[in-house]
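Since the structure comes first, as structure tokens, the remarks are kept for the end.
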Amino acid sequence: MFKALLLEKDDAGFRAGTTTLDEARLPAGDVLVRPEFSTINFKDGLALTNRSPVVRSWPMVPGIDGAGTVLESTHADWKAGERFVLNGWGVGETHWGCLAERARLKGEWLVRLPAAFTPRQAMAIGTAGYTAMLCVLALERHGLEPGDGDVLVTGASGGVGSVAIALLAGLGHRVVAASGKTAQVDYLRRLGAADVIDRAELAGPGKPLQKERWAAAVDAVGSHTLANVLAQTRYGGTVAACGLAQGMDLPASVAPFILRGVTLAGVDSVMCPRPRREQAWSRLARDLDAGLLETMVSEVPLEGAIDAAERLMAGQVRGRVVVRLG
């Protein structure tokens with residue numbers, strides 16, 4: 001028996017709560033694991049609050065992220081006692097996830113936990129931080145180097161934004177953070193932001209082509225914000241897009257692409273191939289300041305996950321929420 005957070009939806013409506021489950025109820029998989037920590041990402045927030053149809057199969061144990069220890073394995077790459085980190089792959093959406101003391105997963109979904117990180121630190125990074133690293137890698141593949149100019153990070157006080165700022169500043173870039181939370185300016189500067197602008201500057205309808213400001217950008221917001229970021233990106237610059245906090249629409253024009261050679265690089269973390277995941281986690285181990293990481297984190301027990309999700313969806317969470325299991 002193990003403790004888990006269970007989401008249910010039927011004729012009686014939606015319910016979320018902690019419960020005790022038997023291992024026999026776990027879905028098929030070739031690796032049985034003990035998650036020691038999980039986290040509340042934006043997608044988890046949507047699922048736990050029933051704000052969006054994230055969950056595709058009921059009942060569901062949520063938790064798109066997990067880090068801990070392999071207990072049993074019939075997969076060639078894994079054996080009992082090894083440490084793992086999991087991000088995405090539909091876990092918590094179509095396959096029971098890691099907001100639980102046990103999970104049965106596919107070995108091909110797992111990445112070895114870098115020696116530089118504890119399971120708690122890995123979940124302080126989570127999908128949000130791993131996505132931020134994928135964004136940085138995308139910018140680098142398109143030629144971004146320190147000294148090229150200001151790099152904008154939108155949604156700066158969120159999980160993706162916080163880690164992106166720390167990574168980019170640590171790599172020597174001058175980072176500008178866009179945030180609507182004036183109380184978080186000092187926090188963003190501690191992470192490495194050289195300047196902080198009000199997100200309202202980017203949030204409304206704008207001209208198709210605007211003054212060139214950004215050598216590159218990481219955008220987790222979408223909608224008008226992404227359209228304005230593209231319109232302000234310098235000639236030959238790249239914008240890595242990974243989120244839709246403002247909306248899924250993109251009310252932009254082709255002008256930045258055909259007149260300034262701007263690149264819009266889409267970043268997906270859910271189905272990202274394993275080699276690129278391993279590269280991202282290797283770079284996180286090398287480039288992310290563990291001390292800065294700790295300033296981004298709040299920790300809750302499994303019983304506090306639903307309340308943390310509500311606060312996240314209300315915009316009341318800074319950085320990352322780690323969920324302690326067991």
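Please note that chains go A, B, ... in the order of the structure tokens, that every chain numbers its residues from 1, and that ligands are numbered from 1 in the order shown.
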> Contacts of stretch 306-323 of chain A at 9 Å or less, counting only C-alpha atoms, minus same-chain residues fewer than 5 places along, as JSON, numbers by chain?
Replying inline: {"A": [5, 16, 17, 36, 37, 38, 39, 40, 41, 42, 44, 45, 46, 47, 48, 49, 51, 99, 120, 121, 123, 124, 125, 126, 128, 129, 156, 157, 158, 159, 160, 161, 162, 163, 184, 295, 296, 297, 298, 299, 300, 301]}
Take the residues just selected and output them with C-alpha atoms as a CSV table (one decimal), in the first residue's frame.
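Written out: selection.csv:
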chain,number,residue,atom,x,y,z
A,5,LEU,CA,-3.0,12.0,-4.7
A,16,ALA,CA,-9.1,15.5,-5.7
A,17,GLY,CA,-7.6,14.2,-2.5
A,36,GLU,CA,11.0,10.8,-3.2
A,37,PHE,CA,10.0,14.2,-4.4
A,38,SER,CA,7.7,15.6,-7.1
A,39,THR,CA,6.6,19.1,-7.9
A,40,ILE,CA,3.6,21.3,-9.0
A,41,ASN,CA,4.1,22.6,-12.5
A,42,PHE,CA,1.6,24.7,-14.4
A,44,ASP,CA,-0.2,19.9,-12.6
A,45,GLY,CA,-2.0,23.1,-11.4
A,46,LEU,CA,-4.5,22.8,-14.2
A,47,ALA,CA,-5.1,19.1,-13.5
A,48,LEU,CA,-5.4,19.5,-9.7
A,49,THR,CA,-7.8,22.4,-9.9
A,51,ARG,CA,-9.2,24.2,-14.8
A,99,LEU,CA,2.5,12.6,-6.8
A,120,ARG,CA,14.8,17.3,-4.1
A,121,GLN,CA,17.1,19.5,-6.2
A,123,MET,CA,12.4,18.5,-8.5
A,124,ALA,CA,13.3,22.1,-7.6
A,125,ILE,CA,14.3,22.2,-11.3
A,126,GLY,CA,11.5,19.9,-12.6
A,128,ALA,CA,10.0,24.0,-15.7
A,129,GLY,CA,13.7,24.2,-15.2
A,156,ALA,CA,10.1,35.9,-15.2
A,157,SER,CA,9.0,35.0,-11.7
A,158,GLY,CA,7.5,31.7,-12.7
A,159,GLY,CA,9.4,28.3,-12.8
A,160,VAL,CA,10.6,28.5,-16.3
A,161,GLY,CA,11.5,32.2,-16.1
A,162,SER,CA,13.4,31.9,-12.8
A,163,VAL,CA,15.6,29.1,-14.0
A,184,GLN,CA,9.6,40.3,-7.0
A,295,THR,CA,16.1,30.6,-3.4
A,296,MET,CA,13.4,29.6,-5.9
A,297,VAL,CA,11.9,26.8,-3.9
A,298,SER,CA,9.1,26.3,-1.4
A,299,GLU,CA,8.3,22.8,-0.1
A,300,VAL,CA,5.0,21.1,0.8
A,301,PRO,CA,4.0,17.6,1.9
> Which residues in stretch 221-294 of chain A does DSSP call strand (DSSP E or B)? List them as a ChimeraX atom specification.
Replying inline: /A:222,233-241,247,263-266
Can I get the selection written as a short mmCIF file (atom, residue, chain, number, x, y, z; two decimals), in the first residue's frame, with N, CA and C atoms?
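Result saved to selection36.cif:
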data_model
loop_
_atom_site.label_atom_id
_atom_site.label_comp_id
_atom_site.auth_asym_id
_atom_site.auth_seq_id
_atom_site.Cartn_x
_atom_site.Cartn_y
_atom_site.Cartn_z
N GLY A 222 3.29 33.51 -24.50
CA GLY A 222 2.47 33.41 -25.71
C GLY A 222 1.65 34.64 -25.98
N THR A 233 12.57 41.85 -31.53
CA THR A 233 13.82 41.10 -31.59
C THR A 233 14.72 41.64 -32.69
N ARG A 234 16.00 41.74 -32.39
CA ARG A 234 16.96 42.31 -33.32
C ARG A 234 17.19 41.41 -34.52
N TYR A 235 17.79 42.00 -35.54
CA TYR A 235 18.06 41.27 -36.79
C TYR A 235 18.83 39.98 -36.50
N GLY A 236 18.31 38.86 -37.00
CA GLY A 236 18.98 37.57 -36.84
C GLY A 236 18.80 36.93 -35.48
N GLY A 237 17.98 37.53 -34.61
CA GLY A 237 17.79 37.00 -33.26
C GLY A 237 16.85 35.81 -33.23
N THR A 238 16.81 35.16 -32.07
CA THR A 238 15.99 33.96 -31.90
C THR A 238 15.13 34.10 -30.64
N VAL A 239 13.88 33.65 -30.76
CA VAL A 239 12.97 33.60 -29.61
C VAL A 239 12.59 32.13 -29.39
N ALA A 240 12.87 31.62 -28.20
CA ALA A 240 12.48 30.26 -27.84
C ALA A 240 11.15 30.33 -27.12
N ALA A 241 10.12 29.70 -27.69
CA ALA A 241 8.77 29.77 -27.14
C ALA A 241 8.40 28.43 -26.52
N GLY A 247 -1.97 33.03 -23.28
CA GLY A 247 -2.91 32.47 -24.24
C GLY A 247 -2.21 31.65 -25.30
N THR A 263 14.16 34.16 -35.85
CA THR A 263 13.79 32.75 -35.75
C THR A 263 12.88 32.55 -34.53
N LEU A 264 11.76 31.87 -34.75
CA LEU A 264 10.90 31.44 -33.66
C LEU A 264 11.14 29.96 -33.45
N ALA A 265 11.78 29.61 -32.34
CA ALA A 265 12.15 28.22 -32.05
C ALA A 265 11.17 27.65 -31.03
N GLY A 266 10.37 26.69 -31.47
CA GLY A 266 9.44 26.04 -30.56
C GLY A 266 10.15 25.03 -29.68
#
> If we count only C-alpha atoms, what is near A:Pro273 at a cut-off of 10 Å, once residues fewer than 6 positions away on the same chain are taken out, given as a ChimeraX atom specification?
Replying inline: /A:89,108-109
> Could you work out how far atom CA of A:Ala227 lies from atom CA of A:Cys242, giving the answer in Å with one decimal?
Replying inline: 13.6 Å
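Picture a line from atom CA of A:Ile64 to atom CA of A:Leu171; it runs 28.2 Å.
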With a distance cut-off of 10 Å and only C-alpha atoms, select the neighbouring residues of A:Arg283, excluding the residue or stretch itself and same-chain residues fewer than 2 positions from it, and output the selection as an mmCIF file with C-alpha atoms, in the first residue's frame.
data_model
loop_
_atom_site.group_PDB
_atom_site.id
_atom_site.type_symbol
_atom_site.label_atom_id
_atom_site.label_comp_id
_atom_site.auth_asym_id
_atom_site.auth_seq_id
_atom_site.Cartn_x
_atom_site.Cartn_y
_atom_site.Cartn_z
ATOM 1 C CA PRO A 114 22.964 13.621 -12.257
ATOM 2 C CA TYR A 130 14.421 21.410 -17.673
ATOM 3 C CA MET A 133 17.465 24.576 -20.245
ATOM 4 C CA LEU A 134 15.957 23.318 -23.513
ATOM 5 C CA VAL A 136 18.817 27.985 -23.659
ATOM 6 C CA LEU A 137 20.080 25.110 -25.817
ATOM 7 C CA LEU A 167 21.101 29.956 -16.389
ATOM 8 C CA ARG A 277 16.845 15.330 -22.277
ATOM 9 C CA GLU A 278 20.151 13.850 -21.163
ATOM 10 C CA GLN A 279 21.990 16.815 -22.684
ATOM 11 C CA ALA A 280 19.692 19.236 -20.865
ATOM 12 C CA TRP A 281 20.176 17.538 -17.487
ATOM 13 C CA ALA A 285 24.282 19.961 -13.551
ATOM 14 C CA ARG A 286 27.125 22.033 -14.990
ATOM 15 C CA ASP A 287 25.554 25.477 -15.368
ATOM 16 C CA LEU A 288 22.892 25.942 -12.684
#
>> Could you go through stretch 93-199 of chain A and tell me which residues DSSP, when run on the backbone, assigns to helix (DSSP H, G or I), listing them as a PyMOL selection string?
In response: chain A and resi 107-109+119-141+159-170+182-191
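With atom CA of A:Arg199 on one side and atom CA of A:Glu212 on the other, the separation reads 17.2 Å.
Among the candidates A:Val151, A:Leu6, A:Cys272, A:Ala132, the one nearest to A:Leu110 when counting only C-alpha atoms is A:Cys272.
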> Near A:His224, within 12 Å and counting only C-alpha atoms, which residues show up once chain neighbours fewer than 6 positions away are dropped, as a VMD selection string?
Replying inline: chain A and resid 154 199 to 208 230 to 231 244 to 253
> So which residues touch A:Ala103 within 10 Å, counting only C-alpha atoms, skipping near sequence neighbours fewer than 6 positions away, as a ChimeraX atom specification?
Replying inline: /A:2,4,23,26-29,31-35,61,66,70-71,91,95-97
If you keep N, CA and C atoms, can you produce a file of those selected residues as a PDB file, in the first residue's frame?
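What ended up in part.pdb:
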ATOM      1  N   PHE A   2       0.398   2.281  -0.640  1.00  0.00           N
ATOM      2  CA  PHE A   2       1.160   3.524  -0.696  1.00  0.00           C
ATOM      3  C   PHE A   2       0.203   4.703  -0.746  1.00  0.00           C
ATOM      4  N   ALA A   4      -1.067   8.317  -2.163  1.00  0.00           N
ATOM      5  CA  ALA A   4      -1.059   8.983  -3.465  1.00  0.00           C
ATOM      6  C   ALA A   4      -2.114  10.085  -3.483  1.00  0.00           C
ATOM      7  N   GLU A  23      -0.505  -1.453  -4.729  1.00  0.00           N
ATOM      8  CA  GLU A  23       0.384  -1.483  -5.900  1.00  0.00           C
ATOM      9  C   GLU A  23      -0.240  -2.205  -7.085  1.00  0.00           C
ATOM     10  N   LEU A  26      -1.509  -0.040  -9.935  1.00  0.00           N
ATOM     11  CA  LEU A  26      -0.613   0.734 -10.792  1.00  0.00           C
ATOM     12  C   LEU A  26      -0.711   0.263 -12.239  1.00  0.00           C
ATOM     13  N   PRO A  27      -0.555   1.178 -13.206  1.00  0.00           N
ATOM     14  CA  PRO A  27      -0.635   0.805 -14.618  1.00  0.00           C
ATOM     15  C   PRO A  27       0.577  -0.006 -15.054  1.00  0.00           C
ATOM     16  N   ALA A  28       0.509  -0.514 -16.275  1.00  0.00           N
ATOM     17  CA  ALA A  28       1.608  -1.319 -16.811  1.00  0.00           C
ATOM     18  C   ALA A  28       2.868  -0.475 -16.990  1.00  0.00           C
ATOM     19  N   GLY A  29       4.017  -1.139 -16.851  1.00  0.00           N
ATOM     20  CA  GLY A  29       5.310  -0.494 -17.040  1.00  0.00           C
ATOM     21  C   GLY A  29       6.397  -1.469 -16.669  1.00  0.00           C
ATOM     22  N   VAL A  31       9.282  -0.592 -15.076  1.00  0.00           N
ATOM     23  CA  VAL A  31      10.086  -0.103 -13.950  1.00  0.00           C
ATOM     24  C   VAL A  31       9.143   0.341 -12.825  1.00  0.00           C
ATOM     25  N   LEU A  32       9.339  -0.203 -11.640  1.00  0.00           N
ATOM     26  CA  LEU A  32       8.630   0.257 -10.447  1.00  0.00           C
ATOM     27  C   LEU A  32       9.561   1.178  -9.680  1.00  0.00           C
ATOM     28  N   VAL A  33       9.084   2.376  -9.347  1.00  0.00           N
ATOM     29  CA  VAL A  33       9.950   3.359  -8.696  1.00  0.00           C
ATOM     30  C   VAL A  33       9.305   3.897  -7.429  1.00  0.00           C
ATOM     31  N   ARG A  34      10.161   4.444  -6.569  1.00  0.00           N
ATOM     32  CA  ARG A  34       9.710   5.178  -5.392  1.00  0.00           C
ATOM     33  C   ARG A  34      10.060   6.646  -5.586  1.00  0.00           C
ATOM     34  N   PRO A  35       9.118   7.469  -6.026  1.00  0.00           N
ATOM     35  CA  PRO A  35       9.394   8.910  -6.101  1.00  0.00           C
ATOM     36  C   PRO A  35       9.615   9.459  -4.690  1.00  0.00           C
ATOM     37  N   VAL A  61      -3.632   9.550 -11.081  1.00  0.00           N
ATOM     38  CA  VAL A  61      -2.639  10.069 -10.139  1.00  0.00           C
ATOM     39  C   VAL A  61      -1.841  11.113 -10.899  1.00  0.00           C
ATOM     40  N   GLY A  66       8.992  13.462 -11.395  1.00  0.00           N
ATOM     41  CA  GLY A  66       9.354  12.694 -10.219  1.00  0.00           C
ATOM     42  C   GLY A  66      10.853  12.451 -10.180  1.00  0.00           C
ATOM     43  N   VAL A  70      14.775   3.559  -8.196  1.00  0.00           N
ATOM     44  CA  VAL A  70      14.177   2.402  -8.853  1.00  0.00           C
ATOM     45  C   VAL A  70      14.084   1.258  -7.840  1.00  0.00           C
ATOM     46  N   LEU A  71      12.916   0.645  -7.730  1.00  0.00           N
ATOM     47  CA  LEU A  71      12.702  -0.480  -6.824  1.00  0.00           C
ATOM     48  C   LEU A  71      12.799  -1.819  -7.548  1.00  0.00           C
ATOM     49  N   VAL A  91       2.852  11.403 -18.520  1.00  0.00           N
ATOM     50  CA  VAL A  91       2.633  10.974 -17.137  1.00  0.00           C
ATOM     51  C   VAL A  91       1.812  12.052 -16.416  1.00  0.00           C
ATOM     52  N   HIS A  95      -1.145   8.479 -18.071  1.00  0.00           N
ATOM     53  CA  HIS A  95      -0.498   7.406 -17.311  1.00  0.00           C
ATOM     54  C   HIS A  95      -0.291   7.920 -15.899  1.00  0.00           C
ATOM     55  N   TRP A  96      -0.577   7.088 -14.894  1.00  0.00           N
ATOM     56  CA  TRP A  96      -0.461   7.541 -13.508  1.00  0.00           C
ATOM     57  C   TRP A  96       0.926   8.112 -13.213  1.00  0.00           C
ATOM     58  N   GLY A  97       0.922   9.267 -12.498  1.00  0.00           N
ATOM     59  CA  GLY A  97       2.138  10.026 -12.308  1.00  0.00           C
ATOM     60  C   GLY A  97       2.795   9.885 -10.948  1.00  0.00           C
TER      61      GLY A  97
END
>> What's around stretch 142-145 of chain A at 8 Å? Count only C-alpha atoms, leave out sequence neighbours fewer than 3 positions away in its own chain, and write the answer as a list in words.
In response: Ala138, Leu139, Asp148, His173, Ala215, Ala216, Gly237 and Thr238 of chain A
> Which residue, A:Leu152, A:Ala122, A:Cys135, A:Leu325, has the smallest gap to A:Glu294 when you use only C-alpha atoms?
Replying inline: A:Ala122
